[in-house]
Amino acid sequence: MSRSFVFGGRWHVPAPPAVVHDVLVDLEHYPRWWPQVVAVASLGPDDARVLCRSVLPYTLDLVLHAADRSASRLEVEVSGDLHGTVGFELTPTDGGTRLDLDQRVGVGGLLGLAAYVASPVLRWNHHRMMAGCVAGLTARATAQAMQNSLPSGSCMTTP
């Protein structure tokens with residue numbers, strides 16, 4: 001049994017699109033800024049295994065394959081516990097980047113069966129996951145943008 005989900009979202013990140021892009025394509029470092037990403041393992045230049053866990057007591061085991069890494073669009077094909085695509089559109093705005101999410105995934109097996117009954121809970125769990133993403137991405141991209149704007153040889157310290 002399989003169940004499909006479509007998720008979307010729009011956020012503003014106060015950092016230039018190039019910086020947001022750099023943070024998003026650097027999957028290896030997701031666990032440092034995205035609390036719900038618990039582990040990432042490179043499977044090659046275009047592939048990674050990612051373990052995610054939001055509020056529910058279940059860890060998703062995903063394999064991501066880079067489909068598009070252009071300056072204005074990032075998209076991965078997803079397999080594993082979910083199958084489908086996840087994409088971000090990056091649009092320059094005054095003071096940063098508008099980030100638009102388009103996620104179209106299916107879930108099969110027992111999780112797919114449970115999804116018919118627990119769909120509202122799974123949507124809430126996904127919302128919490130994306131809230132962690134946006135908060136962490138904002139902090140990471142803003143810090144990186146500030147670091148990029150320092151004159152060469154400068155040092156920034158934190159208390």
# chains A, B, ... in the order shown; residues from 1 in each chain; ligands from 1

$ closest_atom_pairs --of "segment 45-108 of chain A" --to "segment 15-37 of chain A" --cutoff "7 Å" --atoms "only C-alpha atoms" --output "CSV"
residue,atom,partner,partner_atom,distance
A:Leu51,CA,A:Val37,CA,6.0
A:Cys52,CA,A:Val37,CA,4.5
A:Arg53,CA,A:Gln36,CA,5.1
A:Ser54,CA,A:Gln36,CA,5.2
A:Ala71,CA,A:His21,CA,6.9
A:Leu90,CA,A:Pro17,CA,6.2
A:Thr91,CA,A:Pro17,CA,6.8
A:Pro92,CA,A:Pro17,CA,6.0
A:Gly95,CA,A:Ala15,CA,6.9
A:Gly96,CA,A:Ala15,CA,4.4
A:Thr97,CA,A:Pro17,CA,5.3

$ residues_around --residues "Glu89 of chain A" --least-positions-apart "5" --cutoff "8 Å" --atoms "only C-alpha atoms" --output "MDAnalysis selection string"
chainID A and resid 72:74 98:101

$ write_last_selection --atoms "all heavy atoms" --output "tab-separated table (two decimals), in the first residue's frame"
chain	number	residue	atom	x	y	z
A	72	SER	N	19.53	28.66	-9.47
A	72	SER	CA	18.20	29.04	-8.99
A	72	SER	C	17.32	27.85	-8.62
A	72	SER	O	16.20	28.04	-8.14
A	72	SER	CB	17.48	29.87	-10.06
A	72	SER	OG	17.28	29.09	-11.23
A	73	ARG	N	17.79	26.64	-8.82
A	73	ARG	CA	16.99	25.45	-8.50
A	73	ARG	C	17.87	24.32	-8.00
A	73	ARG	O	18.89	24.01	-8.59
A	73	ARG	CB	16.22	24.97	-9.71
A	73	ARG	CG	15.43	23.71	-9.42
A	73	ARG	CD	14.16	23.60	-10.24
A	73	ARG	NE	13.42	22.41	-9.90
A	73	ARG	CZ	12.60	22.29	-8.86
A	73	ARG	NH1	12.41	23.31	-8.07
A	73	ARG	NH2	11.95	21.18	-8.62
A	74	LEU	N	17.43	23.73	-6.91
A	74	LEU	CA	18.07	22.53	-6.38
A	74	LEU	C	16.99	21.45	-6.32
A	74	LEU	O	15.91	21.69	-5.79
A	74	LEU	CB	18.63	22.78	-4.99
A	74	LEU	CG	19.73	23.83	-4.90
A	74	LEU	CD1	20.04	24.16	-3.46
A	74	LEU	CD2	20.97	23.34	-5.61
A	98	ARG	N	14.30	34.27	-1.47
A	98	ARG	CA	13.03	33.57	-1.26
A	98	ARG	C	13.27	32.12	-1.62
A	98	ARG	O	13.82	31.81	-2.68
A	98	ARG	CB	11.92	34.16	-2.13
A	98	ARG	CG	10.55	33.53	-1.78
A	98	ARG	CD	9.44	34.06	-2.64
A	98	ARG	NE	9.52	33.35	-3.92
A	98	ARG	CZ	9.18	33.88	-5.09
A	98	ARG	NH1	8.78	35.13	-5.17
A	98	ARG	NH2	9.26	33.16	-6.19
A	99	LEU	N	12.87	31.24	-0.75
A	99	LEU	CA	13.08	29.81	-0.92
A	99	LEU	C	11.71	29.15	-1.02
A	99	LEU	O	10.90	29.24	-0.09
A	99	LEU	CB	13.84	29.28	0.30
A	99	LEU	CG	14.47	27.92	0.25
A	99	LEU	CD1	15.52	27.84	-0.85
A	99	LEU	CD2	15.09	27.59	1.59
A	100	ASP	N	11.43	28.53	-2.17
A	100	ASP	CA	10.16	27.85	-2.39
A	100	ASP	C	10.39	26.35	-2.45
A	100	ASP	O	11.20	25.86	-3.25
A	100	ASP	CB	9.52	28.30	-3.71
A	100	ASP	CG	9.08	29.75	-3.65
A	100	ASP	OD1	8.19	30.05	-2.84
A	100	ASP	OD2	9.62	30.58	-4.41
A	101	LEU	N	9.67	25.61	-1.61
A	101	LEU	CA	9.78	24.16	-1.53
A	101	LEU	C	8.68	23.50	-2.36
A	101	LEU	O	7.52	23.90	-2.30
A	101	LEU	CB	9.63	23.69	-0.08
A	101	LEU	CG	9.46	22.18	0.15
A	101	LEU	CD1	10.76	21.45	-0.14
A	101	LEU	CD2	8.97	21.91	1.57

$ select_by_dssp --residues "segment 58-142 of chain A" --states "strand (DSSP E or B)" --output "ChimeraX atom specification"
/A:60-68,73-80,82-93,96-107

$ atom_distance --atom1 "atom CA of Arg69 of chain A" --atom2 "atom CA of Val86 of chain A"
12.2 Å

$ closest_residue --among "A:His83, A:Arg104, A:His126, A:His65" --to "Val6 of chain A" --atoms "only C-alpha atoms"
A:Arg104

$ closest_residue --among "A:Asp47, A:Glu75, A:Asp81, A:Asp61" --to "Val107 of chain A" --atoms "only C-alpha atoms"
A:Asp81

$ closest_residue --among "A:Val55, A:Ala118, A:Leu64, A:Ala145" --to "Ser42 of chain A" --atoms "only C-alpha atoms"
A:Leu64

$ residues_around --residues "Gly109 of chain A" --least-positions-apart "3" --cutoff "12 Å" --atoms "only C-alpha atoms" --output "PDB file with N, CA and C atoms, in the first residue's frame"
ATOM      1  N   MET A   1       0.850  -1.173   0.000  1.00  0.00           N
ATOM      2  CA  MET A   1       0.000   0.000   0.000  1.00  0.00           C
ATOM      3  C   MET A   1       0.898   1.240   0.000  1.00  0.00           C
ATOM      4  N   SER A   2       0.534   2.208  -0.814  1.00  0.00           N
ATOM      5  CA  SER A   2       1.345   3.419  -0.943  1.00  0.00           C
ATOM      6  C   SER A   2       0.476   4.647  -0.748  1.00  0.00           C
ATOM      7  N   ARG A   3       1.063   5.664  -0.209  1.00  0.00           N
ATOM      8  CA  ARG A   3       0.365   6.933   0.025  1.00  0.00           C
ATOM      9  C   ARG A   3       1.253   8.057  -0.486  1.00  0.00           C
ATOM     10  N   GLY A  80      14.229   5.076  -0.922  1.00  0.00           N
ATOM     11  CA  GLY A  80      14.358   4.570   0.446  1.00  0.00           C
ATOM     12  C   GLY A  80      12.986   4.544   1.088  1.00  0.00           C
ATOM     13  N   ASP A  81      12.876   5.033   2.307  1.00  0.00           N
ATOM     14  CA  ASP A  81      11.587   5.049   2.997  1.00  0.00           C
ATOM     15  C   ASP A  81      10.567   5.935   2.282  1.00  0.00           C
ATOM     16  N   LEU A  82      11.040   6.928   1.546  1.00  0.00           N
ATOM     17  CA  LEU A  82      10.191   7.770   0.699  1.00  0.00           C
ATOM     18  C   LEU A  82      10.697   7.642  -0.724  1.00  0.00           C
ATOM     19  N   HIS A  83       9.834   7.920  -1.686  1.00  0.00           N
ATOM     20  CA  HIS A  83      10.266   7.954  -3.080  1.00  0.00           C
ATOM     21  C   HIS A  83       9.582   9.142  -3.758  1.00  0.00           C
ATOM     22  N   GLY A 106       6.122   9.673  -2.119  1.00  0.00           N
ATOM     23  CA  GLY A 106       5.238   8.597  -1.733  1.00  0.00           C
ATOM     24  C   GLY A 106       5.907   7.773  -0.658  1.00  0.00           C
ATOM     25  N   GLY A 112       3.389   3.323   4.669  1.00  0.00           N
ATOM     26  CA  GLY A 112       2.375   3.787   3.726  1.00  0.00           C
ATOM     27  C   GLY A 112       0.971   3.471   4.215  1.00  0.00           C
ATOM     28  N   LEU A 113       0.794   2.301   4.747  1.00  0.00           N
ATOM     29  CA  LEU A 113      -0.499   1.912   5.304  1.00  0.00           C
ATOM     30  C   LEU A 113      -0.866   2.813   6.486  1.00  0.00           C
ATOM     31  N   ALA A 114       0.090   3.031   7.377  1.00  0.00           N
ATOM     32  CA  ALA A 114      -0.153   3.907   8.532  1.00  0.00           C
ATOM     33  C   ALA A 114      -0.450   5.333   8.096  1.00  0.00           C
ATOM     34  N   ALA A 115       0.109   5.744   6.949  1.00  0.00           N
ATOM     35  CA  ALA A 115      -0.075   7.115   6.478  1.00  0.00           C
ATOM     36  C   ALA A 115      -1.532   7.429   6.164  1.00  0.00           C
ATOM     37  N   TYR A 116      -2.318   6.411   5.820  1.00  0.00           N
ATOM     38  CA  TYR A 116      -3.735   6.661   5.550  1.00  0.00           C
ATOM     39  C   TYR A 116      -4.472   7.094   6.806  1.00  0.00           C
TER      40      TYR A 116
END

$ residues_around --residues "Val50 of chain A" --least-positions-apart "5" --cutoff "7 Å" --atoms "only C-alpha atoms" --output "PyMOL selection string"
chain A and resi 39-41+61-63

$ write_last_selection --atoms "N, CA and C atoms" --output "mmCIF file, in the first residue's frame"
data_model
loop_
_atom_site.group_PDB
_atom_site.id
_atom_site.type_symbol
_atom_site.label_atom_id
_atom_site.label_comp_id
_atom_site.auth_asym_id
_atom_site.auth_seq_id
_atom_site.Cartn_x
_atom_site.Cartn_y
_atom_site.Cartn_z
ATOM 1 N N ALA A 39 22.189 12.026 10.360
ATOM 2 C CA ALA A 39 23.418 11.500 9.758
ATOM 3 C C ALA A 39 23.347 11.620 8.240
ATOM 4 N N VAL A 40 24.519 11.827 7.638
ATOM 5 C CA VAL A 40 24.651 11.876 6.183
ATOM 6 C C VAL A 40 25.901 11.103 5.804
ATOM 7 N N ALA A 41 25.779 10.248 4.792
ATOM 8 C CA ALA A 41 26.926 9.512 4.267
ATOM 9 C C ALA A 41 26.964 9.714 2.758
ATOM 10 N N ASP A 61 15.102 6.624 6.458
ATOM 11 C CA ASP A 61 16.358 6.274 5.803
ATOM 12 C C ASP A 61 16.168 6.583 4.318
ATOM 13 N N LEU A 62 16.853 7.616 3.841
ATOM 14 C CA LEU A 62 16.656 8.116 2.482
ATOM 15 C C LEU A 62 17.950 8.077 1.686
ATOM 16 N N VAL A 63 17.822 7.850 0.395
ATOM 17 C CA VAL A 63 18.938 8.009 -0.531
ATOM 18 C C VAL A 63 18.557 9.150 -1.467
#

$ select_by_dssp --residues "segment 14-156 of chain A" --states "alpha helix (DSSP H)" --output "PyMOL selection string"
chain A and resi 17-25+30-33+109-149

$ write_last_selection --atoms "N, CA and C atoms" --output "short mmCIF file (atom, residue, chain, number, x, y, z; two decimals), in the first residue's frame"
data_model
loop_
_atom_site.label_atom_id
_atom_site.label_comp_id
_atom_site.auth_asym_id
_atom_site.auth_seq_id
_atom_site.Cartn_x
_atom_site.Cartn_y
_atom_site.Cartn_z
N PRO A 17 21.34 34.50 -2.53
CA PRO A 17 21.05 33.18 -3.09
C PRO A 17 22.29 32.29 -3.25
N ALA A 18 23.42 32.86 -3.62
CA ALA A 18 24.63 32.05 -3.79
C ALA A 18 25.05 31.40 -2.47
N VAL A 19 24.89 32.12 -1.38
CA VAL A 19 25.25 31.58 -0.07
C VAL A 19 24.25 30.49 0.34
N VAL A 20 22.96 30.77 0.15
CA VAL A 20 21.93 29.78 0.49
C VAL A 20 22.16 28.52 -0.35
N HIS A 21 22.45 28.70 -1.61
CA HIS A 21 22.74 27.57 -2.51
C HIS A 21 23.92 26.75 -1.98
N ASP A 22 25.00 27.43 -1.62
CA ASP A 22 26.19 26.72 -1.11
C ASP A 22 25.88 25.90 0.13
N VAL A 23 25.07 26.45 1.02
CA VAL A 23 24.73 25.72 2.25
C VAL A 23 23.86 24.51 1.90
N LEU A 24 22.90 24.69 1.00
CA LEU A 24 21.99 23.59 0.67
C LEU A 24 22.65 22.46 -0.12
N VAL A 25 23.64 22.75 -0.94
CA VAL A 25 24.28 21.66 -1.69
C VAL A 25 25.32 20.91 -0.86
N TYR A 30 24.79 19.01 6.81
CA TYR A 30 23.41 19.22 7.28
C TYR A 30 23.25 18.94 8.79
N PRO A 31 23.82 17.86 9.34
CA PRO A 31 23.61 17.61 10.77
C PRO A 31 24.11 18.75 11.67
N ARG A 32 25.01 19.59 11.19
CA ARG A 32 25.52 20.71 11.99
C ARG A 32 24.48 21.82 12.16
N TRP A 33 23.58 21.97 11.18
CA TRP A 33 22.63 23.09 11.25
C TRP A 33 21.17 22.67 11.18
N GLY A 109 4.76 0.34 1.97
CA GLY A 109 4.89 -0.63 3.05
C GLY A 109 3.99 -0.30 4.23
N LEU A 110 4.45 -0.71 5.41
CA LEU A 110 3.67 -0.46 6.62
C LEU A 110 3.53 1.03 6.92
N LEU A 111 4.59 1.79 6.62
CA LEU A 111 4.51 3.24 6.83
C LEU A 111 3.47 3.84 5.88
N GLY A 112 3.39 3.32 4.67
CA GLY A 112 2.38 3.79 3.73
C GLY A 112 0.97 3.47 4.21
N LEU A 113 0.79 2.30 4.75
CA LEU A 113 -0.50 1.91 5.30
C LEU A 113 -0.87 2.81 6.49
N ALA A 114 0.09 3.03 7.38
CA ALA A 114 -0.15 3.91 8.53
C ALA A 114 -0.45 5.33 8.10
N ALA A 115 0.11 5.74 6.95
CA ALA A 115 -0.07 7.12 6.48
C ALA A 115 -1.53 7.43 6.16
N TYR A 116 -2.32 6.41 5.82
CA TYR A 116 -3.74 6.66 5.55
C TYR A 116 -4.47 7.09 6.81
N VAL A 117 -4.09 6.53 7.93
CA VAL A 117 -4.75 6.87 9.20
C VAL A 117 -4.09 8.09 9.84
N ALA A 118 -2.76 8.17 9.73
CA ALA A 118 -2.00 9.18 10.47
C ALA A 118 -1.58 10.37 9.61
N SER A 119 -2.21 10.57 8.48
CA SER A 119 -1.80 11.65 7.57
C SER A 119 -1.67 13.02 8.26
N PRO A 120 -2.63 13.43 9.08
CA PRO A 120 -2.47 14.74 9.74
C PRO A 120 -1.25 14.80 10.66
N VAL A 121 -0.95 13.70 11.33
CA VAL A 121 0.20 13.65 12.23
C VAL A 121 1.49 13.70 11.41
N LEU A 122 1.52 12.98 10.29
CA LEU A 122 2.71 13.00 9.43
C LEU A 122 2.93 14.38 8.82
N ARG A 123 1.86 15.06 8.45
CA ARG A 123 2.00 16.42 7.92
C ARG A 123 2.53 17.37 9.01
N TRP A 124 2.04 17.22 10.23
CA TRP A 124 2.52 18.04 11.36
C TRP A 124 4.01 17.76 11.60
N ASN A 125 4.39 16.48 11.55
CA ASN A 125 5.78 16.09 11.75
C ASN A 125 6.67 16.71 10.66
N HIS A 126 6.20 16.69 9.42
CA HIS A 126 6.94 17.30 8.32
C HIS A 126 7.07 18.81 8.54
N HIS A 127 6.01 19.44 9.00
CA HIS A 127 6.06 20.88 9.29
C HIS A 127 7.15 21.18 10.33
N ARG A 128 7.24 20.37 11.36
CA ARG A 128 8.27 20.56 12.39
C ARG A 128 9.67 20.37 11.78
N MET A 129 9.79 19.38 10.90
CA MET A 129 11.08 19.12 10.23
C MET A 129 11.51 20.34 9.42
N MET A 130 10.58 20.91 8.67
CA MET A 130 10.91 22.06 7.83
C MET A 130 11.15 23.32 8.66
N ALA A 131 10.49 23.44 9.80
CA ALA A 131 10.77 24.57 10.69
C ALA A 131 12.21 24.50 11.18
N GLY A 132 12.68 23.29 11.49
CA GLY A 132 14.08 23.11 11.88
C GLY A 132 15.02 23.45 10.74
N CYS A 133 14.63 23.08 9.53
CA CYS A 133 15.45 23.39 8.35
C CYS A 133 15.59 24.90 8.18
N VAL A 134 14.48 25.59 8.18
CA VAL A 134 14.52 27.04 7.92
C VAL A 134 15.28 27.78 9.01
N ALA A 135 15.06 27.41 10.27
CA ALA A 135 15.78 28.07 11.36
C ALA A 135 17.29 27.82 11.25
N GLY A 136 17.66 26.58 11.02
CA GLY A 136 19.08 26.25 10.91
C GLY A 136 19.72 26.84 9.67
N LEU A 137 19.02 26.78 8.54
CA LEU A 137 19.53 27.35 7.29
C LEU A 137 19.71 28.85 7.42
N THR A 138 18.75 29.51 8.04
CA THR A 138 18.85 30.96 8.23
C THR A 138 20.08 31.30 9.06
N ALA A 139 20.28 30.60 10.16
CA ALA A 139 21.45 30.86 11.02
C ALA A 139 22.75 30.58 10.28
N ARG A 140 22.81 29.44 9.61
CA ARG A 140 24.05 29.04 8.91
C ARG A 140 24.36 29.98 7.74
N ALA A 141 23.36 30.27 6.91
CA ALA A 141 23.58 31.12 5.74
C ALA A 141 23.89 32.56 6.14
N THR A 142 23.24 33.06 7.17
CA THR A 142 23.50 34.42 7.64
C THR A 142 24.93 34.53 8.16
N ALA A 143 25.37 33.54 8.96
CA ALA A 143 26.74 33.54 9.48
C ALA A 143 27.74 33.45 8.33
N GLN A 144 27.46 32.61 7.35
CA GLN A 144 28.36 32.46 6.22
C GLN A 144 28.42 33.75 5.39
N ALA A 145 27.28 34.39 5.20
CA ALA A 145 27.25 35.66 4.45
C ALA A 145 28.04 36.74 5.18
N MET A 146 27.92 36.78 6.50
CA MET A 146 28.69 37.75 7.29
C MET A 146 30.17 37.47 7.17
N GLN A 147 30.54 36.20 7.24
CA GLN A 147 31.95 35.82 7.13
C GLN A 147 32.49 36.19 5.75
N ASN A 148 31.69 35.97 4.71
CA ASN A 148 32.11 36.30 3.35
C ASN A 148 32.31 37.80 3.14
N SER A 149 31.60 38.61 3.94
CA SER A 149 31.68 40.06 3.76
C SER A 149 32.83 40.70 4.56
#

$ atom_distance --atom1 "atom CA of Phe7 of chain A" --atom2 "atom CA of Asp102 of chain A"
6.1 Å

$ atom_distance --atom1 "atom CA of Ala67 of chain A" --atom2 "atom CA of Gly44 of chain A"
13.6 Å

$ closest_residue --among "A:Val38, A:Pro45, A:Val76, A:Gly8" --to "Tyr58 of chain A" --atoms "only C-alpha atoms"
A:Val38
